[in-house]
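The structure file work.pdb is reproduced below (PDB, C-alpha atoms and all ligand atoms).
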ATOM      1  CA  MET A1410       6.841  42.833  10.971  1.00  0.00           C
ATOM      2  CA  PHE A1411       6.601  41.404   7.465  1.00  0.00           C
ATOM      3  CA  SER A1412       5.247  37.879   7.472  1.00  0.00           C
ATOM      4  CA  PRO A1413       5.675  35.762   4.333  1.00  0.00           C
ATOM      5  CA  GLN A1414       2.668  33.632   5.342  1.00  0.00           C
ATOM      6  CA  SER A1415      -0.057  33.349   2.720  1.00  0.00           C
ATOM      7  CA  THR A1416      -3.727  32.675   3.363  1.00  0.00           C
ATOM      8  CA  ASP A1417      -3.831  30.312   0.349  1.00  0.00           C
ATOM      9  CA  ALA A1418      -3.395  26.667   1.276  1.00  0.00           C
ATOM     10  CA  PRO A1419      -0.237  25.323  -0.343  1.00  0.00           C
ATOM     11  CA  LYS A1420      -0.871  23.119  -3.371  1.00  0.00           C
ATOM     12  CA  PRO A1421       0.361  19.555  -2.947  1.00  0.00           C
ATOM     13  CA  LYS A1422       3.201  18.489  -5.168  1.00  0.00           C
ATOM     14  CA  PRO A1423       1.782  16.656  -8.188  1.00  0.00           C
ATOM     15  CA  VAL A1424       1.742  12.906  -8.654  1.00  0.00           C
ATOM     16  CA  VAL A1425       2.869  11.952 -12.161  1.00  0.00           C
ATOM     17  CA  VAL A1426       0.819   9.159 -13.751  1.00  0.00           C
ATOM     18  CA  GLY A1427       1.810   7.430 -16.981  1.00  0.00           C
ATOM     19  CA  ILE A1428      -0.763   5.434 -18.947  1.00  0.00           C
ATOM     20  CA  THR A1429       0.762   3.277 -21.688  1.00  0.00           C
ATOM     21  CA  GLY A1430      -0.599   0.975 -24.365  1.00  0.00           C
ATOM     22  CA  ALA A1431      -0.801  -2.117 -22.149  1.00  0.00           C
ATOM     23  CA  SER A1432      -4.155  -3.654 -21.352  1.00  0.00           C
ATOM     24  CA  GLY A1433      -5.738  -2.342 -18.161  1.00  0.00           C
ATOM     25  CA  SER A1434      -6.318   1.336 -18.921  1.00  0.00           C
ATOM     26  CA  VAL A1435      -9.136   1.169 -16.378  1.00  0.00           C
ATOM     27  CA  LEU A1436      -6.445   0.863 -13.689  1.00  0.00           C
ATOM     28  CA  GLY A1437      -4.867   4.143 -14.759  1.00  0.00           C
ATOM     29  CA  PHE A1438      -8.202   5.944 -14.748  1.00  0.00           C
ATOM     30  CA  ARG A1439      -9.199   4.492 -11.370  1.00  0.00           C
ATOM     31  CA  LEU A1440      -5.946   5.734  -9.875  1.00  0.00           C
ATOM     32  CA  ILE A1441      -6.489   9.208 -11.319  1.00  0.00           C
ATOM     33  CA  GLU A1442     -10.028   9.250  -9.877  1.00  0.00           C
ATOM     34  CA  GLU A1443      -8.819   8.316  -6.407  1.00  0.00           C
ATOM     35  CA  LEU A1444      -5.950  10.817  -6.447  1.00  0.00           C
ATOM     36  CA  ILE A1445      -8.299  13.601  -7.526  1.00  0.00           C
ATOM     37  CA  LEU A1446     -10.746  12.680  -4.752  1.00  0.00           C
ATOM     38  CA  LEU A1447      -7.803  12.789  -2.347  1.00  0.00           C
ATOM     39  CA  ASP A1448      -7.357  16.439  -3.482  1.00  0.00           C
ATOM     40  CA  GLN A1449      -4.091  15.668  -5.217  1.00  0.00           C
ATOM     41  CA  VAL A1450      -2.803  17.226  -8.419  1.00  0.00           C
ATOM     42  CA  VAL A1451      -2.195  14.726 -11.214  1.00  0.00           C
ATOM     43  CA  GLU A1452       0.156  15.199 -14.140  1.00  0.00           C
ATOM     44  CA  LEU A1453      -0.879  12.586 -16.677  1.00  0.00           C
ATOM     45  CA  VAL A1454       1.318  11.408 -19.520  1.00  0.00           C
ATOM     46  CA  MET A1455      -0.386   9.258 -22.136  1.00  0.00           C
ATOM     47  CA  THR A1456       1.515   7.310 -24.766  1.00  0.00           C
ATOM     48  CA  GLU A1457       0.301   7.353 -28.360  1.00  0.00           C
ATOM     49  CA  LYS A1458      -0.683   3.682 -28.170  1.00  0.00           C
ATOM     50  CA  SER A1459      -2.640   4.155 -24.955  1.00  0.00           C
ATOM     51  CA  TYR A1460      -5.349   6.065 -26.841  1.00  0.00           C
ATOM     52  CA  GLN A1461      -6.084   3.022 -29.016  1.00  0.00           C
ATOM     53  CA  VAL A1462      -6.059   0.567 -26.113  1.00  0.00           C
ATOM     54  CA  ILE A1463      -8.337   2.807 -24.012  1.00  0.00           C
ATOM     55  CA  PHE A1464     -10.785   2.931 -26.921  1.00  0.00           C
ATOM     56  CA  GLU A1465     -10.603  -0.848 -27.526  1.00  0.00           C
ATOM     57  CA  GLU A1466     -11.169  -1.585 -23.841  1.00  0.00           C
ATOM     58  CA  THR A1467     -13.711   1.019 -22.800  1.00  0.00           C
ATOM     59  CA  GLY A1468     -15.052   2.726 -25.936  1.00  0.00           C
ATOM     60  CA  PHE A1469     -13.808   6.021 -24.481  1.00  0.00           C
ATOM     61  CA  LYS A1470     -12.111   8.362 -26.998  1.00  0.00           C
ATOM     62  CA  VAL A1471      -9.730  10.727 -25.238  1.00  0.00           C
ATOM     63  CA  SER A1472      -9.881  13.505 -27.801  1.00  0.00           C
ATOM     64  CA  GLY A1473     -10.543  17.224 -28.181  1.00  0.00           C
ATOM     65  CA  GLN A1474      -8.813  20.382 -27.004  1.00  0.00           C
ATOM     66  CA  ASP A1475      -9.349  19.835 -23.293  1.00  0.00           C
ATOM     67  CA  LYS A1476      -8.399  16.243 -22.545  1.00  0.00           C
ATOM     68  CA  ALA A1477      -8.322  16.855 -18.809  1.00  0.00           C
ATOM     69  CA  LEU A1478     -11.967  17.906 -18.863  1.00  0.00           C
ATOM     70  CA  ARG A1479     -12.907  14.921 -21.082  1.00  0.00           C
ATOM     71  CA  ILE A1480     -11.304  12.563 -18.575  1.00  0.00           C
ATOM     72  CA  ILE A1481     -12.934  14.250 -15.586  1.00  0.00           C
ATOM     73  CA  GLN A1482     -16.334  13.957 -17.314  1.00  0.00           C
ATOM     74  CA  HIS A1483     -15.619  10.315 -18.155  1.00  0.00           C
ATOM     75  CA  LEU A1484     -14.907   9.694 -14.474  1.00  0.00           C
ATOM     76  CA  ASN A1485     -18.193  11.411 -13.506  1.00  0.00           C
ATOM     77  CA  LEU A1486     -16.350  13.906 -11.322  1.00  0.00           C
ATOM     78  CA  PRO A1487     -17.439  17.549 -10.958  1.00  0.00           C
ATOM     79  CA  GLU A1488     -15.964  19.601 -13.824  1.00  0.00           C
ATOM     80  CA  SER A1489     -14.235  21.910 -11.330  1.00  0.00           C
ATOM     81  CA  ARG A1490     -11.944  18.958 -10.574  1.00  0.00           C
ATOM     82  CA  ALA A1491     -10.373  19.389 -14.029  1.00  0.00           C
ATOM     83  CA  GLN A1492      -8.109  22.001 -12.391  1.00  0.00           C
ATOM     84  CA  GLN A1493      -6.376  19.124 -10.625  1.00  0.00           C
ATOM     85  CA  LEU A1494      -5.508  17.288 -13.826  1.00  0.00           C
ATOM     86  CA  GLN A1495      -2.977  18.205 -16.473  1.00  0.00           C
ATOM     87  CA  VAL A1496      -2.524  15.980 -19.524  1.00  0.00           C
ATOM     88  CA  PHE A1497       0.729  15.830 -21.475  1.00  0.00           C
ATOM     89  CA  GLU A1498       1.395  14.106 -24.768  1.00  0.00           C
ATOM     90  CA  ASN A1499       4.236  11.612 -24.802  1.00  0.00           C
ATOM     91  CA  ASN A1500       6.327  13.664 -27.245  1.00  0.00           C
ATOM     92  CA  ARG A1501       6.293  16.741 -24.981  1.00  0.00           C
ATOM     93  CA  LEU A1502       9.828  16.333 -23.712  1.00  0.00           C
ATOM     94  CA  ASP A1503       9.764  19.965 -22.641  1.00  0.00           C
ATOM     95  CA  ALA A1504       6.888  19.361 -20.173  1.00  0.00           C
ATOM     96  CA  PRO A1505       7.567  19.897 -16.426  1.00  0.00           C
ATOM     97  CA  PRO A1506       7.847  16.174 -15.451  1.00  0.00           C
ATOM     98  CA  SER A1507      10.821  15.994 -17.832  1.00  0.00           C
ATOM     99  CA  SER A1508      12.967  17.935 -15.375  1.00  0.00           C
ATOM    100  CA  GLY A1509      14.221  17.042 -11.926  1.00  0.00           C
ATOM    101  CA  THR A1510      13.827  20.686 -10.911  1.00  0.00           C
ATOM    102  CA  HIS A1511      10.061  20.140 -11.105  1.00  0.00           C
ATOM    103  CA  MET A1512       9.074  18.758  -7.708  1.00  0.00           C
ATOM    104  CA  THR A1513       6.674  15.815  -7.570  1.00  0.00           C
ATOM    105  CA  GLN A1514       5.545  13.213  -5.061  1.00  0.00           C
ATOM    106  CA  GLY A1515       6.637  10.468  -7.428  1.00  0.00           C
ATOM    107  CA  MET A1516       5.342   8.640 -10.459  1.00  0.00           C
ATOM    108  CA  VAL A1517       3.138   5.649 -11.230  1.00  0.00           C
ATOM    109  CA  VAL A1518       3.239   3.943 -14.640  1.00  0.00           C
ATOM    110  CA  ILE A1519      -0.098   2.148 -14.780  1.00  0.00           C
ATOM    111  CA  PRO A1520      -0.567   0.005 -16.786  1.00  0.00           C
ATOM    112  CA  CYS A1521       3.039  -0.287 -17.937  1.00  0.00           C
ATOM    113  CA  SER A1522       3.623  -1.930 -21.311  1.00  0.00           C
ATOM    114  CA  MET A1523       6.693  -4.058 -21.906  1.00  0.00           C
ATOM    115  CA  GLY A1524       7.803  -1.477 -24.462  1.00  0.00           C
ATOM    116  CA  THR A1525       7.809   1.375 -21.946  1.00  0.00           C
ATOM    117  CA  LEU A1526       9.281  -0.928 -19.295  1.00  0.00           C
ATOM    118  CA  GLY A1527      12.170  -1.693 -21.660  1.00  0.00           C
ATOM    119  CA  ARG A1528      12.739   1.981 -22.376  1.00  0.00           C
ATOM    120  CA  ILE A1529      12.813   2.939 -18.682  1.00  0.00           C
ATOM    121  CA  ALA A1530      15.002  -0.008 -17.644  1.00  0.00           C
ATOM    122  CA  ASN A1531      17.545   0.833 -20.348  1.00  0.00           C
ATOM    123  CA  GLY A1532      17.614   4.593 -19.896  1.00  0.00           C
ATOM    124  CA  ILE A1533      16.064   5.320 -23.291  1.00  0.00           C
ATOM    125  CA  THR A1534      14.411   8.624 -22.545  1.00  0.00           C
ATOM    126  CA  ASP A1535      13.027   9.637 -25.922  1.00  0.00           C
ATOM    127  CA  THR A1536       9.427   9.738 -24.687  1.00  0.00           C
ATOM    128  CA  LEU A1537       7.996  11.838 -21.853  1.00  0.00           C
ATOM    129  CA  VAL A1538       6.770   8.816 -19.911  1.00  0.00           C
ATOM    130  CA  ALA A1539      10.243   7.224 -19.991  1.00  0.00           C
ATOM    131  CA  ARG A1540      12.024  10.510 -19.300  1.00  0.00           C
ATOM    132  CA  ALA A1541       9.726  11.333 -16.358  1.00  0.00           C
ATOM    133  CA  ALA A1542      10.327   7.855 -14.901  1.00  0.00           C
ATOM    134  CA  ASP A1543      14.085   8.275 -15.402  1.00  0.00           C
ATOM    135  CA  VAL A1544      13.933  11.643 -13.616  1.00  0.00           C
ATOM    136  CA  THR A1545      11.903  10.115 -10.775  1.00  0.00           C
ATOM    137  CA  LEU A1546      14.614   7.496 -10.238  1.00  0.00           C
ATOM    138  CA  LYS A1547      17.535   9.925 -10.463  1.00  0.00           C
ATOM    139  CA  GLU A1548      15.891  12.214  -7.929  1.00  0.00           C
ATOM    140  CA  HIS A1549      15.291   9.221  -5.612  1.00  0.00           C
ATOM    141  CA  ARG A1550      11.549   9.779  -5.654  1.00  0.00           C
ATOM    142  CA  LYS A1551       9.057   6.959  -5.612  1.00  0.00           C
ATOM    143  CA  LEU A1552       8.581   5.181  -8.949  1.00  0.00           C
ATOM    144  CA  ILE A1553       5.810   2.575  -9.013  1.00  0.00           C
ATOM    145  CA  VAL A1554       5.548   0.383 -12.078  1.00  0.00           C
ATOM    146  CA  VAL A1555       2.391  -1.665 -12.680  1.00  0.00           C
ATOM    147  CA  PRO A1556       3.509  -4.033 -15.448  1.00  0.00           C
ATOM    148  CA  ARG A1557       0.912  -5.827 -17.511  1.00  0.00           C
ATOM    149  CA  GLU A1558       1.868  -8.835 -19.595  1.00  0.00           C
ATOM    150  CA  SER A1559       1.412 -12.576 -19.229  1.00  0.00           C
ATOM    151  CA  PRO A1560       3.465 -14.667 -19.345  1.00  0.00           C
ATOM    152  CA  PHE A1561       6.669 -12.679 -18.867  1.00  0.00           C
ATOM    153  CA  ASN A1562       9.677 -13.584 -21.004  1.00  0.00           C
ATOM    154  CA  GLN A1563      13.235 -13.275 -19.758  1.00  0.00           C
ATOM    155  CA  ILE A1564      13.630  -9.804 -21.285  1.00  0.00           C
ATOM    156  CA  HIS A1565      10.616  -8.572 -19.291  1.00  0.00           C
ATOM    157  CA  LEU A1566      11.891 -10.231 -16.121  1.00  0.00           C
ATOM    158  CA  ARG A1567      15.379  -8.761 -16.566  1.00  0.00           C
ATOM    159  CA  ASN A1568      13.950  -5.297 -17.127  1.00  0.00           C
ATOM    160  CA  LEU A1569      11.716  -5.620 -14.061  1.00  0.00           C
ATOM    161  CA  THR A1570      14.696  -6.768 -11.985  1.00  0.00           C
ATOM    162  CA  THR A1571      16.789  -3.849 -13.240  1.00  0.00           C
ATOM    163  CA  LEU A1572      14.105  -1.384 -12.187  1.00  0.00           C
ATOM    164  CA  ALA A1573      13.652  -3.056  -8.800  1.00  0.00           C
ATOM    165  CA  GLN A1574      17.428  -2.846  -8.266  1.00  0.00           C
ATOM    166  CA  CYS A1575      17.274   0.863  -9.121  1.00  0.00           C
ATOM    167  CA  GLY A1576      14.675   1.408  -6.387  1.00  0.00           C
ATOM    168  CA  ALA A1577      11.394   1.191  -8.303  1.00  0.00           C
ATOM    169  CA  VAL A1578       8.430  -0.620  -6.770  1.00  0.00           C
ATOM    170  CA  ILE A1579       7.173  -3.367  -9.092  1.00  0.00           C
ATOM    171  CA  LEU A1580       3.478  -3.745  -8.351  1.00  0.00           C
ATOM    172  CA  PRO A1581       1.766  -6.085 -10.834  1.00  0.00           C
ATOM    173  CA  PRO A1582      -2.041  -6.164 -10.850  1.00  0.00           C
ATOM    174  CA  MET A1583      -2.161  -9.602  -9.203  1.00  0.00           C
ATOM    175  CA  LEU A1584      -5.431 -11.323  -8.432  1.00  0.00           C
ATOM    176  CA  SER A1585      -6.117 -11.738  -4.700  1.00  0.00           C
ATOM    177  CA  PHE A1586      -8.550 -14.158  -3.115  1.00  0.00           C
ATOM    178  CA  TYR A1587      -8.329 -13.997   0.660  1.00  0.00           C
ATOM    179  CA  LEU A1588     -10.580 -11.091   1.675  1.00  0.00           C
ATOM    180  CA  PRO A1589     -14.321 -10.455   1.201  1.00  0.00           C
ATOM    181  CA  ASP A1590     -13.861  -7.562  -1.290  1.00  0.00           C
ATOM    182  CA  PHE A1591     -12.152  -9.713  -3.871  1.00  0.00           C
ATOM    183  CA  GLY A1592     -15.121 -11.474  -5.480  1.00  0.00           C
ATOM    184  CA  THR A1593     -15.636  -8.930  -8.258  1.00  0.00           C
ATOM    185  CA  ILE A1594     -13.473  -7.274 -10.908  1.00  0.00           C
ATOM    186  CA  GLU A1595     -14.209  -3.967  -9.141  1.00  0.00           C
ATOM    187  CA  GLY A1596     -12.861  -5.430  -5.899  1.00  0.00           C
ATOM    188  CA  GLN A1597      -9.724  -6.670  -7.646  1.00  0.00           C
ATOM    189  CA  ILE A1598      -9.157  -3.278  -9.294  1.00  0.00           C
ATOM    190  CA  ASN A1599      -9.659  -1.518  -5.961  1.00  0.00           C
ATOM    191  CA  TYR A1600      -7.121  -3.852  -4.387  1.00  0.00           C
ATOM    192  CA  THR A1601      -4.429  -2.906  -6.913  1.00  0.00           C
ATOM    193  CA  ILE A1602      -5.231   0.804  -6.688  1.00  0.00           C
ATOM    194  CA  GLY A1603      -5.230   0.538  -2.890  1.00  0.00           C
ATOM    195  CA  LYS A1604      -1.776  -1.056  -3.003  1.00  0.00           C
ATOM    196  CA  VAL A1605      -0.519   1.799  -5.199  1.00  0.00           C
ATOM    197  CA  LEU A1606      -1.970   4.369  -2.764  1.00  0.00           C
ATOM    198  CA  ASP A1607      -0.318   2.482   0.108  1.00  0.00           C
ATOM    199  CA  GLN A1608       3.016   2.920  -1.645  1.00  0.00           C
ATOM    200  CA  LEU A1609       2.384   6.624  -2.149  1.00  0.00           C
ATOM    201  CA  GLY A1610       1.454   6.983   1.521  1.00  0.00           C
ATOM    202  CA  PHE A1611      -2.219   7.935   1.124  1.00  0.00           C
ATOM    203  CA  THR A1612      -4.977   6.742   3.440  1.00  0.00           C
ATOM    204  CA  HIS A1613      -7.875   4.928   1.755  1.00  0.00           C
ATOM    205  CA  ASN A1614     -10.614   2.352   2.221  1.00  0.00           C
ATOM    206  CA  LEU A1615     -10.312   0.609  -1.119  1.00  0.00           C
ATOM    207  CA  TYR A1616      -9.845  -2.824   0.364  1.00  0.00           C
ATOM    208  CA  THR A1617     -10.241  -4.464   3.722  1.00  0.00           C
ATOM    209  CA  ARG A1618      -6.896  -5.045   5.385  1.00  0.00           C
ATOM    210  CA  TRP A1619      -5.997  -8.394   6.808  1.00  0.00           C
ATOM    211  CA  GLY A1620      -7.097  -8.481  10.433  1.00  0.00           C
ATOM    212  CA  GLN A1621      -9.822  -5.859   9.904  1.00  0.00           C
ATOM    213  CA  HIS A1622     -12.450  -8.107   8.373  1.00  0.00           C
ATOM    214  CA  THR A1623     -15.098  -9.735  10.561  1.00  0.00           C
ATOM    215  CA  GLU A1624     -14.643 -13.338   9.394  1.00  0.00           C
ATOM    216  CA  SER A1625     -12.512 -15.328  11.787  1.00  0.00           C
ATOM    217  CA  ALA A1626      -9.000 -15.786  10.478  1.00  0.00           C
ATOM    218  CA  PRO A1627      -8.032 -19.291   9.442  1.00  0.00           C
ATOM    219  CA  ALA A1628      -5.837 -21.244  11.835  1.00  0.00           C
ATOM    220  CA  ARG A1629      -2.242 -21.171  10.638  1.00  0.00           C
TER
HETATM  221  C1  LIG A1701      -5.619  -3.975 -27.330  1.00  0.00           C
HETATM  222  C2  LIG A1701      -4.151  -4.012 -27.048  1.00  0.00           C
HETATM  223  C3  LIG A1701      -3.713  -4.533 -25.864  1.00  0.00           C
HETATM  224  C4  LIG A1701      -2.344  -4.572 -25.577  1.00  0.00           C
HETATM  225  N1  LIG A1701      -1.937  -5.089 -24.361  1.00  0.00           N
HETATM  226  C5  LIG A1701      -0.628  -5.071 -24.047  1.00  0.00           C
HETATM  227  C6  LIG A1701      -0.205  -5.524 -22.763  1.00  0.00           C
HETATM  228  O1  LIG A1701      -1.000  -5.923 -21.911  1.00  0.00           O
HETATM  229  N2  LIG A1701       1.107  -5.449 -22.464  1.00  0.00           N
HETATM  230  C7  LIG A1701       2.037  -4.969 -23.357  1.00  0.00           C
HETATM  231  O2  LIG A1701       3.216  -4.909 -23.017  1.00  0.00           O
HETATM  232  N3  LIG A1701       1.663  -4.549 -24.593  1.00  0.00           N
HETATM  233  C8  LIG A1701       0.353  -4.583 -24.962  1.00  0.00           C
HETATM  234  N4  LIG A1701      -0.035  -4.130 -26.195  1.00  0.00           N
HETATM  235  C9  LIG A1701       0.997  -3.716 -27.167  1.00  0.00           C
HETATM  236  C10 LIG A1701       1.478  -2.296 -26.896  1.00  0.00           C
HETATM  237  O3  LIG A1701       0.405  -1.393 -27.083  1.00  0.00           O
HETATM  238  C11 LIG A1701       2.628  -1.955 -27.853  1.00  0.00           C
HETATM  239  O4  LIG A1701       3.753  -2.757 -27.590  1.00  0.00           O
HETATM  240  C12 LIG A1701       2.997  -0.500 -27.841  1.00  0.00           C
HETATM  241  O5  LIG A1701       4.046  -0.269 -28.759  1.00  0.00           O
HETATM  242  C13 LIG A1701       3.424  -0.025 -26.478  1.00  0.00           C
HETATM  243  O6  LIG A1701       3.822   1.339 -26.594  1.00  0.00           O
HETATM  244  P1  LIG A1701       3.841   2.324 -25.343  1.00  0.00           P
HETATM  245  O7  LIG A1701       4.660   1.677 -24.306  1.00  0.00           O
HETATM  246  O8  LIG A1701       4.499   3.551 -25.907  1.00  0.00           O
HETATM  247  O9  LIG A1701       2.445   2.573 -24.957  1.00  0.00           O
HETATM  248  C14 LIG A1701      -1.400  -4.097 -26.513  1.00  0.00           C
HETATM  249  C15 LIG A1701      -1.855  -3.546 -27.723  1.00  0.00           C
HETATM  250  C16 LIG A1701      -3.213  -3.520 -27.992  1.00  0.00           C
HETATM  251  C17 LIG A1701      -3.680  -2.923 -29.292  1.00  0.00           C
END
Represent the structure from my file as structure tokens, please.
Amino acid sequence: MFSPQSTDAPKPKPVVVGITGASGSVLGFRLIEELILLDQVVELVMTEKSYQVIFEETGFKVSGQDKALRIIQHLNLPESRAQQLQVFENNRLDAPPSSGTHMTQGMVVIPCSMGTLGRIANGITDTLVARAADVTLKEHRKLIVVPRESPFNQIHLRNLTTLAQCGAVILPPMLSFYLPDFGTIEGQINYTIGKVLDQLGFTHNLYTRWGQHTESAPAR
């Protein structure tokens, strides 16, 4: 009897990642690294401004024909991993994440600028990152927004509230102080990336969970 079973392992649905021109590009790259190591497929959308901020913050120029390979090399991952990463420019409104028919596991905008936040919260879908986020919400898939600005004004807060009311997870890169991993910038970055992975449902060891560390817990 004919069996439709294939010997190829099914590819996981991609995770869409948006990197915008807010400070904290390192967070976006750390997330990509972890997702790749978790054998996920990443569809990365980079805004025009993100290229400048990445360069200002890390000295890394994301340029050339094969941006996926450049990023994989920058992350010190084996070049074969470039197959798991696809990079789209922000004006590519015809790219797969622009359509709800394209299945994904959800989207993370990390770091999310106040400009992109405003576009998403107000349904202005003239960029791929905003359109992909809009699609993620309309399809009731997970949208995680990692906003980066301080202090927030009322426009930012209203836009964040709007997105939270529409079902997005607002996950700011907050400093944490109560566990042993948190004494370094690396530990703080891992904490935020771990929280994003928690939301996406992936297992990780990026931070020690409360109750798992060896220090005795303070009396409460
Ligand atoms: C070095 C640098 C750091 C920036 N940091 C932030 C930030 O943390 N948050 C923010 O909302 N905008 C920040 N901006 C401004 C945004 O890049 C700018 O508003 C841009 O238009 C955002 O566009 P995008 O959302 O399409 O990336 C920064 C700009 C530069 C050059």
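With all atoms listed in the file taken into account, the protein and nucleic acid residues at most 9 Å from A:Gln1492 (excluding it and anything under 2 positions from it in its own chain) are Val1450, Ala1477, Leu1478, Glu1488, Ser1489, Arg1490, Leu1494 and Gln1495 of chain A.
Taking atom C12 of ligand LIG 1701 (chain A) and atom CA of A:Val1518 as the two end points, the separation is 13.9 Å.
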Selection under test: the PyMOL selection byres (((chain A and resi 1582) around 8) and not hetatm); residues as a tab-separated table (two decimals) with C-alpha atoms, in the coordinates of the input:
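Written out: part10.tsv:
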chain	number	residue	atom	x	y	z
A	1555	VAL	CA	2.39	-1.66	-12.68
A	1556	PRO	CA	3.51	-4.03	-15.45
A	1557	ARG	CA	0.91	-5.83	-17.51
A	1580	LEU	CA	3.48	-3.74	-8.35
A	1581	PRO	CA	1.77	-6.08	-10.83
A	1583	MET	CA	-2.16	-9.60	-9.20
A	1584	LEU	CA	-5.43	-11.32	-8.43
A	1598	ILE	CA	-9.16	-3.28	-9.29
A	1601	THR	CA	-4.43	-2.91	-6.91
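Pairwise distance (atom CA of A:Arg1528, atom CA of A:Val1425) equals 17.4 Å.
Atom CA of A:Gly1427 sits 23.4 Å away from atom CA of A:Asn1614.
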Per-residue nearest contacts chain A to ligand LIG 1701 (chain A), cut-off 6 Å, using only C-alpha atoms and all ligand atoms, as a tab-separated table:
residue	atom	partner	partner_atom	distance
A:Thr1429	CA	A:LIG1701	O9	3.7
A:Gly1430	CA	A:LIG1701	O9	3.5
A:Ala1431	CA	A:LIG1701	C6	3.5
A:Ser1432	CA	A:LIG1701	O1	3.9
A:Thr1456	CA	A:LIG1701	O9	4.8
A:Lys1458	CA	A:LIG1701	O9	4.6
A:Ser1459	CA	A:LIG1701	O9	5.3
A:Val1462	CA	A:LIG1701	C1	4.7
A:Glu1465	CA	A:LIG1701	C1	5.9
A:Ser1522	CA	A:LIG1701	O2	3.5
A:Met1523	CA	A:LIG1701	O2	3.7
A:Gly1524	CA	A:LIG1701	O7	4.5
A:Thr1525	CA	A:LIG1701	O7	3.9
A:Arg1557	CA	A:LIG1701	O1	4.8
A:Glu1558	CA	A:LIG1701	N2	4.5
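Against this structure, the PyMOL selection byres (((chain A and resi 1562-1571) around 10) and not hetatm) ends up with Ser1522, Met1523, Gly1524, Leu1526, Gly1527, Arg1528, Ile1529, Ala1530, Asn1531, Val1554, Pro1556, Glu1558, Ser1559, Pro1560, Phe1561, Leu1572, Ala1573, Gln1574, Cys1575, Gly1576, Ala1577, Val1578 and Ile1579 of chain A.
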Name the residues in contact with A:Ser1472 at a cut-off of 12 Å, using only C-alpha atoms, excluding same-chain residues fewer than 5 positions from it; report them as a PyMOL selection string.
chain A and resi 1455+1457+1460-1461+1463-1464+1477-1480+1483+1496+1498
Which residue out of A:Pro1421, A:Gly1620, A:Leu1606, A:Thr1612 has the minimum interatomic distance to A:Leu1588 when all atoms listed in the file are used?
A:Gly1620
Counting all atoms listed in the file, the option among A:Ile1441, A:Val1424, A:Ile1481, A:Leu1486 closest to A:Ile1553:
A:Val1424
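Take the candidates A:Ala1491, A:Ala1539, A:Gly1610, A:Cys1521 and check each one against A:Glu1442 using only C-alpha atoms; the shortest distance goes to A:Ala1491.
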Name the residues that the PyMOL selection byres (((chain A and resi 1596) around 12) and not hetatm) picks from the file above, as a PyMOL selection string, using the file's chain letters and numbers.
chain A and resi 1436+1439+1582-1595+1597-1603+1614-1617
Within 9 Å of A:Arg1501, counting all atoms listed in the file, which residues qualify if same-chain residues fewer than 3 places away don't, as an MDAnalysis selection string?
chainID A and resid 1497:1498 1504 1507 1536:1537
Next, the residues of the selection above should be written as a PDB file, in the coordinates of the input with C-alpha atoms.
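Contents of the output file selection_13.pdb:
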ATOM      1  CA  PHE A1497       0.729  15.830 -21.475  1.00  0.00           C
ATOM      2  CA  GLU A1498       1.395  14.106 -24.768  1.00  0.00           C
ATOM      3  CA  ALA A1504       6.888  19.361 -20.173  1.00  0.00           C
ATOM      4  CA  SER A1507      10.821  15.994 -17.832  1.00  0.00           C
ATOM      5  CA  THR A1536       9.427   9.738 -24.687  1.00  0.00           C
ATOM      6  CA  LEU A1537       7.996  11.838 -21.853  1.00  0.00           C
TER       7      LEU A1537
END
